[in-house]
Amino acid sequence: MKILILPTVEAVTKHAARRLARQLKRKPHSVLGLATGGTMDRLYAALPAMVAEEGAQIEQMRSFNLDEYVGLSGDHPQSYRHYMATRFGVPLGVDLARMALPCGDAPDPAAEAARYEAAIAEAGGIDLQLLGIGQNGHIGFNEPTSSLRSRTRIKTLTRSTVAANARYFDRPEDVPTRAITMGIATILDAREVLLLATGAAKAEALAAAIEGPLAAASPASALQLHPKATVLCDEDAAAALRLRDYYETVHPGGRDPSFGGPL
Ligand code: PGA
């Protein structure tokens, strides 16, 4: 795992945007694995300028999002489909038909999960998967104790995840308690993975993911099995890392010479 510690949340955002833009420049038909949440909000806001700066083409990409709430239709303002349309598709000029998410209001959510897993495979798999991390170590909505070999399926959200999501809903009783999420094995199948973590609230989960045992109790620790996983974090999220000296020796200031040119 490559650990890049950058000084600020802005530096993490810019670096991630540049990686994404360069991926699209190298391979305009990339299949991206996309995520939602506050961390991704900042990244998507930075993307139009970065795509222009890097001279990348974004119109030909396809994407698969990690997850969607069970019970919400795609036009619900808190659905992730709506989030992706307003934060990514429309501002970047990507045809929404190229951006796949599970259908949260499918009549048979289990069948929808299986269909989604198959659609990712039919698209040739994911080239670059973006990930945030929950305070409890979840990736996607793979909550602690998710099978490390799981595929896309329905998960019940933990109380802490429901509480963290409540900020987006008017009434607590409106917050969905189940989601269709890519599984951990689905995520590990991506050819490259980029996890973003910023802020002190993520420090413990990040340390468990990178330096703790491989454990279903820390779903993000599954990335230890991935041959090409990069973690981008700010100083606050890096605060609980015991081997920080080592990461900063290998990548001073979060620089990554293998990436080709300054970030
Ligand atoms: P956040 O969510 O970016 O809003 O912190 C990340 C996550 O829970 O996966």
# chains A, B, ... in the order shown; residues from 1 in each chain; ligands from 1
>>> residues_around(residues="Ala85 of chain A", least_positions_apart="4", cutoff="10 Å", atoms="only C-alpha atoms", output="compact mmCIF listing (two decimals) with all heavy atoms, in the first residue's frame")
# COMPACT_ATOMS: atom_id res chain seq x y z
N GLY A 74 -34.16 7.23 -7.96
CA GLY A 74 -33.05 8.04 -8.47
C GLY A 74 -33.33 9.53 -8.49
O GLY A 74 -32.38 10.33 -8.53
N ASP A 75 -34.58 9.92 -8.44
CA ASP A 75 -34.86 11.37 -8.43
C ASP A 75 -35.07 11.91 -7.02
O ASP A 75 -35.32 13.09 -6.84
CB ASP A 75 -36.04 11.72 -9.35
CG ASP A 75 -37.28 10.92 -9.03
OD1 ASP A 75 -37.27 10.22 -8.00
OD2 ASP A 75 -38.26 11.00 -9.81
N TYR A 80 -28.13 8.70 -4.06
CA TYR A 80 -26.78 8.89 -4.61
C TYR A 80 -26.82 9.10 -6.12
O TYR A 80 -25.92 9.73 -6.69
CB TYR A 80 -25.89 7.70 -4.23
CG TYR A 80 -25.49 7.72 -2.77
CD1 TYR A 80 -25.09 6.57 -2.12
CD2 TYR A 80 -25.51 8.91 -2.03
CE1 TYR A 80 -24.71 6.59 -0.79
CE2 TYR A 80 -25.14 8.94 -0.69
CZ TYR A 80 -24.75 7.78 -0.08
OH TYR A 80 -24.37 7.80 1.24
N ARG A 81 -27.86 8.60 -6.77
CA ARG A 81 -27.98 8.87 -8.21
C ARG A 81 -28.15 10.37 -8.45
O ARG A 81 -27.51 10.95 -9.34
CB ARG A 81 -29.15 8.09 -8.82
CG ARG A 81 -29.22 8.20 -10.35
CD ARG A 81 -30.37 7.39 -10.91
NE ARG A 81 -30.21 5.96 -10.72
CZ ARG A 81 -29.53 5.16 -11.53
NH1 ARG A 81 -28.93 5.65 -12.60
NH2 ARG A 81 -29.45 3.87 -11.29
N GLY A 89 -22.09 14.47 -13.14
CA GLY A 89 -22.53 14.33 -14.53
C GLY A 89 -22.81 15.67 -15.19
O GLY A 89 -22.26 15.96 -16.27
N VAL A 90 -23.65 16.47 -14.56
CA VAL A 90 -24.03 17.74 -15.19
C VAL A 90 -22.85 18.71 -15.26
O VAL A 90 -22.52 19.21 -16.34
CB VAL A 90 -25.27 18.34 -14.48
CG1 VAL A 90 -25.54 19.75 -14.98
CG2 VAL A 90 -26.48 17.43 -14.68
N PRO A 91 -22.14 18.98 -14.14
CA PRO A 91 -21.03 19.95 -14.24
C PRO A 91 -19.91 19.51 -15.19
O PRO A 91 -19.24 20.34 -15.79
CB PRO A 91 -20.52 20.11 -12.81
CG PRO A 91 -21.23 19.12 -11.97
CD PRO A 91 -22.39 18.59 -12.74
N LEU A 92 -19.69 18.20 -15.31
CA LEU A 92 -18.59 17.73 -16.15
C LEU A 92 -19.05 17.38 -17.57
O LEU A 92 -18.22 17.01 -18.41
CB LEU A 92 -17.91 16.53 -15.50
CG LEU A 92 -16.98 16.92 -14.33
CD1 LEU A 92 -16.88 15.80 -13.33
CD2 LEU A 92 -15.61 17.33 -14.84
N GLY A 93 -20.33 17.47 -17.83
CA GLY A 93 -20.83 17.18 -19.17
C GLY A 93 -20.76 15.71 -19.53
O GLY A 93 -20.52 15.35 -20.69
N VAL A 94 -20.93 14.83 -18.54
CA VAL A 94 -20.95 13.39 -18.81
C VAL A 94 -22.40 12.94 -18.92
O VAL A 94 -23.22 13.23 -18.04
CB VAL A 94 -20.24 12.61 -17.68
CG1 VAL A 94 -20.31 11.10 -17.95
CG2 VAL A 94 -18.79 13.05 -17.53
N ASP A 95 -22.70 12.23 -20.01
CA ASP A 95 -24.03 11.67 -20.21
C ASP A 95 -24.39 10.78 -19.02
O ASP A 95 -23.63 9.85 -18.68
CB ASP A 95 -23.98 10.85 -21.52
CG ASP A 95 -25.32 10.25 -21.87
OD1 ASP A 95 -26.27 10.34 -21.06
OD2 ASP A 95 -25.41 9.67 -22.97
N LEU A 96 -25.51 11.05 -18.40
CA LEU A 96 -25.86 10.30 -17.18
C LEU A 96 -26.05 8.81 -17.47
O LEU A 96 -25.92 7.98 -16.56
CB LEU A 96 -27.12 10.89 -16.54
CG LEU A 96 -27.02 12.37 -16.11
CD1 LEU A 96 -28.30 12.79 -15.40
CD2 LEU A 96 -25.81 12.61 -15.22
N MET A 99 -23.22 6.66 -16.40
CA MET A 99 -22.90 6.61 -14.96
C MET A 99 -23.89 5.66 -14.27
O MET A 99 -25.06 5.98 -14.11
CB MET A 99 -23.01 8.02 -14.37
CG MET A 99 -22.03 8.98 -15.03
SD MET A 99 -22.26 10.70 -14.50
CE MET A 99 -22.06 10.53 -12.73
>>> select_by_dssp(residues="segment 152-251 of chain A", states="strand (DSSP E)", output="ChimeraX atom specification")
/A:153-156,178-181,192-197,229-234
>>> residues_near_ligand(ligand="ligand 1", cutoff="7 Å", atoms="only C-alpha atoms and all ligand atoms", output="PyMOL selection string")
chain A and resi 36-40+131-135+138-140
>>> residues_around(residues="Pro7 of chain A", least_positions_apart="5", cutoff="9 Å", atoms="only C-alpha atoms", output="NGL selection string")
:A and (12 or 233-236 or 253-254)
>>> closest_residue(among="A:His82, A:His76, A:Lys25, A:Arg191", to="Val51 of chain A", atoms="only C-alpha atoms")
A:Lys25
>>> residues_around(residues="Val193 of chain A", least_positions_apart="6", cutoff="10 Å", atoms="only C-alpha atoms", output="NGL selection string")
:A and (1 or 33 or 126-131 or 187 or 223 or 226-231)
>>> atom_distance(atom1="atom CA of Thr198 of chain A", atom2="atom CA of Ala237 of chain A")
5.1 Å
>>> atom_distance(atom1="atom CA of Asp108 of chain A", atom2="atom CA of Ala222 of chain A")
28.8 Å
>>> decode(residues="segment 116-231 of chain A", atoms="C-alpha atoms", output="short mmCIF file (atom, residue, chain, number, x, y, z; two decimals), in the first residue's frame")
data_model
loop_
_atom_site.label_atom_id
_atom_site.label_comp_id
_atom_site.auth_asym_id
_atom_site.auth_seq_id
_atom_site.Cartn_x
_atom_site.Cartn_y
_atom_site.Cartn_z
CA TYR A 116 -25.12 -4.71 -10.76
CA GLU A 117 -22.25 -7.04 -9.93
CA ALA A 118 -22.65 -8.69 -13.35
CA ALA A 119 -22.79 -5.30 -15.11
CA ILE A 120 -19.40 -4.34 -13.65
CA ALA A 121 -17.89 -7.55 -14.97
CA GLU A 122 -19.53 -7.07 -18.38
CA ALA A 123 -17.99 -3.59 -18.59
CA GLY A 124 -14.56 -5.21 -18.24
CA GLY A 125 -14.09 -4.36 -14.56
CA ILE A 126 -13.10 -1.12 -12.89
CA ASP A 127 -9.85 0.63 -13.82
CA LEU A 128 -9.68 3.03 -10.87
CA GLN A 129 -11.86 2.84 -7.78
CA LEU A 130 -12.26 5.88 -5.53
CA LEU A 131 -12.97 5.26 -1.87
CA GLY A 132 -13.69 7.27 1.22
CA ILE A 133 -13.54 5.67 4.66
CA GLY A 134 -16.14 5.77 7.40
CA GLN A 135 -15.26 6.53 11.00
CA ASN A 136 -15.98 2.86 11.65
CA GLY A 137 -13.66 1.77 8.83
CA HIS A 138 -16.34 1.02 6.25
CA ILE A 139 -15.67 1.25 2.52
CA GLY A 140 -18.77 1.63 0.41
CA PHE A 141 -21.42 0.51 2.86
CA ASN A 142 -19.45 -2.55 3.87
CA GLU A 143 -19.90 -2.12 7.58
CA PRO A 144 -17.61 -3.81 10.13
CA THR A 145 -17.93 -7.63 10.01
CA SER A 146 -18.70 -7.55 6.27
CA SER A 147 -17.25 -10.62 4.63
CA LEU A 148 -13.90 -9.87 3.06
CA ARG A 149 -15.10 -11.93 0.08
CA SER A 150 -18.46 -10.17 -0.26
CA ARG A 151 -20.00 -9.15 -3.58
CA THR A 152 -22.66 -6.53 -4.30
CA ARG A 153 -25.55 -7.10 -1.90
CA ILE A 154 -27.86 -5.47 0.63
CA LYS A 155 -26.31 -4.29 3.88
CA THR A 156 -27.99 -2.95 6.98
CA LEU A 157 -26.27 0.24 8.09
CA THR A 158 -24.86 0.63 11.59
CA ARG A 159 -26.45 3.15 13.92
CA SER A 160 -23.32 5.30 13.69
CA THR A 161 -23.52 5.36 9.88
CA VAL A 162 -27.22 6.23 9.98
CA ALA A 163 -26.39 9.03 12.45
CA ALA A 164 -23.56 10.32 10.22
CA ASN A 165 -25.93 10.35 7.20
CA ALA A 166 -28.71 12.11 9.11
CA ARG A 167 -27.17 15.50 8.29
CA TYR A 168 -28.41 15.12 4.73
CA PHE A 169 -32.05 14.41 5.64
CA ASP A 170 -34.75 16.67 7.09
CA ARG A 171 -36.08 14.13 9.59
CA PRO A 172 -34.22 11.31 11.39
CA GLU A 173 -36.94 8.82 10.43
CA ASP A 174 -36.25 9.52 6.74
CA VAL A 175 -32.65 8.28 6.89
CA PRO A 176 -32.44 4.92 5.06
CA THR A 177 -31.19 2.00 7.11
CA ARG A 178 -30.23 -0.32 4.25
CA ALA A 179 -28.16 0.06 1.11
CA ILE A 180 -27.10 -1.92 -1.93
CA THR A 181 -23.31 -1.82 -1.89
CA MET A 182 -20.46 -3.31 -3.88
CA GLY A 183 -18.83 -5.97 -1.74
CA ILE A 184 -15.27 -6.01 -0.52
CA ALA A 185 -14.26 -8.57 -3.13
CA THR A 186 -15.91 -6.38 -5.79
CA ILE A 187 -13.78 -3.44 -4.66
CA LEU A 188 -10.62 -5.55 -4.54
CA ASP A 189 -11.20 -6.57 -8.17
CA ALA A 190 -10.58 -2.97 -9.32
CA ARG A 191 -7.24 -2.65 -11.09
CA GLU A 192 -6.29 0.33 -8.94
CA VAL A 193 -7.75 1.77 -5.74
CA LEU A 194 -7.44 5.30 -4.37
CA LEU A 195 -8.65 5.91 -0.80
CA LEU A 196 -9.03 9.46 0.50
CA ALA A 197 -9.11 10.28 4.21
CA THR A 198 -9.14 13.75 5.70
CA GLY A 199 -9.82 15.10 9.16
CA ALA A 200 -9.11 13.90 12.69
CA ALA A 201 -12.37 11.92 12.86
CA LYS A 202 -10.87 9.41 10.38
CA ALA A 203 -7.51 8.96 12.13
CA GLU A 204 -8.34 5.82 14.14
CA ALA A 205 -10.13 4.09 11.26
CA LEU A 206 -7.26 4.89 8.90
CA ALA A 207 -4.61 3.56 11.27
CA ALA A 208 -6.61 0.34 11.74
CA ALA A 209 -6.96 -0.02 7.97
CA ILE A 210 -3.28 0.49 7.17
CA GLU A 211 -1.49 -0.87 10.22
CA GLY A 212 -4.01 -3.06 12.01
CA PRO A 213 -4.63 -6.73 11.33
CA LEU A 214 -6.52 -7.74 8.21
CA ALA A 215 -9.94 -8.04 9.79
CA ALA A 216 -13.61 -7.93 8.87
CA ALA A 217 -14.00 -5.58 11.86
CA SER A 218 -12.02 -3.03 9.82
CA PRO A 219 -13.36 -3.40 6.27
CA ALA A 220 -10.82 -0.95 4.80
CA SER A 221 -8.01 -3.23 6.05
CA ALA A 222 -8.92 -5.46 3.10
CA LEU A 223 -6.98 -3.01 0.94
CA GLN A 224 -3.84 -4.58 2.42
CA LEU A 225 -4.57 -7.40 -0.05
CA HIS A 226 -4.71 -5.09 -3.06
CA PRO A 227 -1.60 -4.92 -5.28
CA LYS A 228 -2.15 -1.29 -6.29
CA ALA A 229 -3.77 0.69 -3.48
CA THR A 230 -2.88 4.29 -2.71
CA VAL A 231 -4.01 6.18 0.39
#
